[in-house]
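Please read the structure below before turning to the comments.
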Amino acid sequence: MEHIDPNLYEDYLRWTKSIGDDPYVSNNCVGIIDVLKAHYLIIDYFFKEYGEGVGGIGPRNLNILHSTLSRQHSAYEGVRKWRDNFEICATLFYGLIKNHPFHDVNKRTAFLVLVYHLSKIRRFPNSKNRLFEDLAIRIASNTLDLYPEYKAIIVDKKTDPEVRFIASFLKKYTRQIDQTEYLITYHDLNERLKKFHYFLDRPNGNKIDVMKEEEEISLLFRKKIVPRRIGSISFPGWTRQVSREDIRLVRKITRLTPDKGVDSGAFFGNSSSLGSLIDEFQPLLLRLSDK
């Protein structure tokens, strides 16, 4: 987050400080800090890329935002209402669009959170067509009845038909993700490499060096860390998405590969980065800004 506009970052930190510990985040649930991060990253990205202003920045009301996030954990007498991962994704997506917890960019924030949420449960949209765009717009405009499948749920008189329909939609139009397919920015790649004592440095033109921290003993037998260049990869910018080819190259150069004891789960964590997801779904997010 540190690479975004300083004023936005300061505002983001102000909200996170007022929130404190995140009570919502888990292996299959998104946290309130994740949602805030998605909101500020989108505003920063579209301002820098298109000079786009917004009608307001940040949450309208923290109580509304908390209420929206708590939908994932709804329970009655200790029994959770939503236990299926698709339903958990669906209820948060629906809530972020309908509750309007932010002054602006609610649909885009909701969609970015959705694809991030899906990546946490090892799912990914199986195409970048207008299906998800139409879904977001129809949720916002209360026109889900344009879908025959939604009408069938209404006929069956099931509770929360919106969430149940969205869950079935997500199950139908997403696929199981391969851990090697996680998407990250160069900034996020650098943070992951640092955990293994590697880092990216010295960008020059369209390349950046891959560096290794090595321990060196001086004449006085004092140990110090000395960086050593071990290779280079392409570099379009810190906030850009790293290509799968360059990820494979970095892992090969650094020997952070499964045969060396570092599988994709250990290397990537359990989800794609929000910044890379903006880059991946930029056309759809841009179209949603006009709806």
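Residues are referred to by chain and number: the chain letter is A, B, ... according to the order shown in the structure tokens, the number counts from 1 in that chain, and ligands are numbered separately from 1 in the order shown.
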Any idea what's packed within 7 Å of A:Lys107, counting only C-alpha atoms, ignoring anything in its chain fewer than 3 positions away? Could you give it as number ranges by chain?
A: 97, 110-111, 136, 288
Non-local contacts of stretch 35-42 of chain A (9 Å; only C-alpha atoms; under 6 positions in same chain excluded) as a list in words:
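The residues that qualify are Met1, Ile4, Leu8, Tyr9, Asp11, Tyr12, Trp15, Thr16, Ile57, Gly58, Pro59, Leu69, Phe102, Val105, Asn106, Arg108, Thr109, Ala110, Leu112, Val113, Leu274, Gly275, Ile278 and Leu285 of chain A.
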List the spatial neighbours of A:Tyr186 as JSON, numbers by chain - criterion: any atom at most 8 Å away, only C-alpha atoms, same-chain residues fewer than 3 positions off excluded.
{"A": [189, 190, 235, 237, 238, 239, 240, 241, 242]}
Identify, on the basis of only C-alpha atoms, every residue whose closest approach to stretch 161-174 of chain A does not exceed 8 Å; exclude the query and any residue fewer than 5 positions from it along the same chain; express the result as a list in words.
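Non-adjacent residues within range: Phe86, Glu87, Cys89, Ala90, Thr91, Tyr94, Arg123, Phe124, Pro125, Asn126, Ser127, Leu144, Glu149, Tyr150, Ile153 and Ile154 of chain A.
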Written selection (N, CA and C atoms) as a compact mmCIF listing (two decimals), in the first residue's frame:
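Saved the output as part.txt:
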# COMPACT_ATOMS: atom_id res chain seq x y z
N PHE A 86 -18.99 -20.58 -1.56
CA PHE A 86 -19.60 -19.74 -2.59
C PHE A 86 -20.65 -18.82 -1.98
N GLU A 87 -21.39 -19.31 -1.01
CA GLU A 87 -22.39 -18.48 -0.36
C GLU A 87 -21.75 -17.37 0.45
N CYS A 89 -18.84 -15.92 -0.23
CA CYS A 89 -18.43 -14.93 -1.24
C CYS A 89 -19.63 -14.13 -1.72
N ALA A 90 -20.73 -14.82 -1.97
CA ALA A 90 -21.92 -14.18 -2.53
C ALA A 90 -22.53 -13.16 -1.59
N THR A 91 -22.62 -13.50 -0.31
CA THR A 91 -23.28 -12.58 0.63
C THR A 91 -22.46 -11.31 0.83
N TYR A 94 -22.83 -9.20 -2.52
CA TYR A 94 -24.16 -8.59 -2.53
C TYR A 94 -24.22 -7.41 -1.55
N ARG A 123 -10.49 -20.27 -6.35
CA ARG A 123 -11.34 -20.16 -7.53
C ARG A 123 -10.98 -18.91 -8.32
N PHE A 124 -11.30 -18.91 -9.62
CA PHE A 124 -10.98 -17.78 -10.49
C PHE A 124 -12.02 -17.70 -11.59
N PRO A 125 -12.47 -16.49 -11.96
CA PRO A 125 -13.43 -16.38 -13.08
C PRO A 125 -12.89 -17.08 -14.31
N ASN A 126 -13.73 -17.90 -14.95
CA ASN A 126 -13.24 -18.68 -16.09
C ASN A 126 -13.24 -17.90 -17.39
N SER A 127 -13.65 -16.65 -17.33
CA SER A 127 -13.53 -15.76 -18.50
C SER A 127 -13.66 -14.33 -18.02
N LEU A 144 -32.22 -8.78 -10.81
CA LEU A 144 -31.78 -10.17 -10.89
C LEU A 144 -32.85 -11.07 -11.51
N GLU A 149 -32.72 -18.47 -13.80
CA GLU A 149 -32.31 -19.26 -12.63
C GLU A 149 -32.74 -18.57 -11.33
N TYR A 150 -32.70 -17.26 -11.31
CA TYR A 150 -33.12 -16.51 -10.11
C TYR A 150 -34.62 -16.67 -9.90
N ILE A 153 -35.46 -19.85 -8.15
CA ILE A 153 -35.23 -19.81 -6.70
C ILE A 153 -36.39 -19.11 -6.01
N ILE A 154 -36.90 -18.06 -6.63
CA ILE A 154 -38.07 -17.35 -6.07
C ILE A 154 -39.27 -18.29 -5.99
Please compute the atom CA of A:Asp104-atom CA of A:Tyr116 distance, one decimal, in Å.
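According to the coordinates, atom CA of A:Asp104 and atom CA of A:Tyr116 are separated by 19.6 Å.
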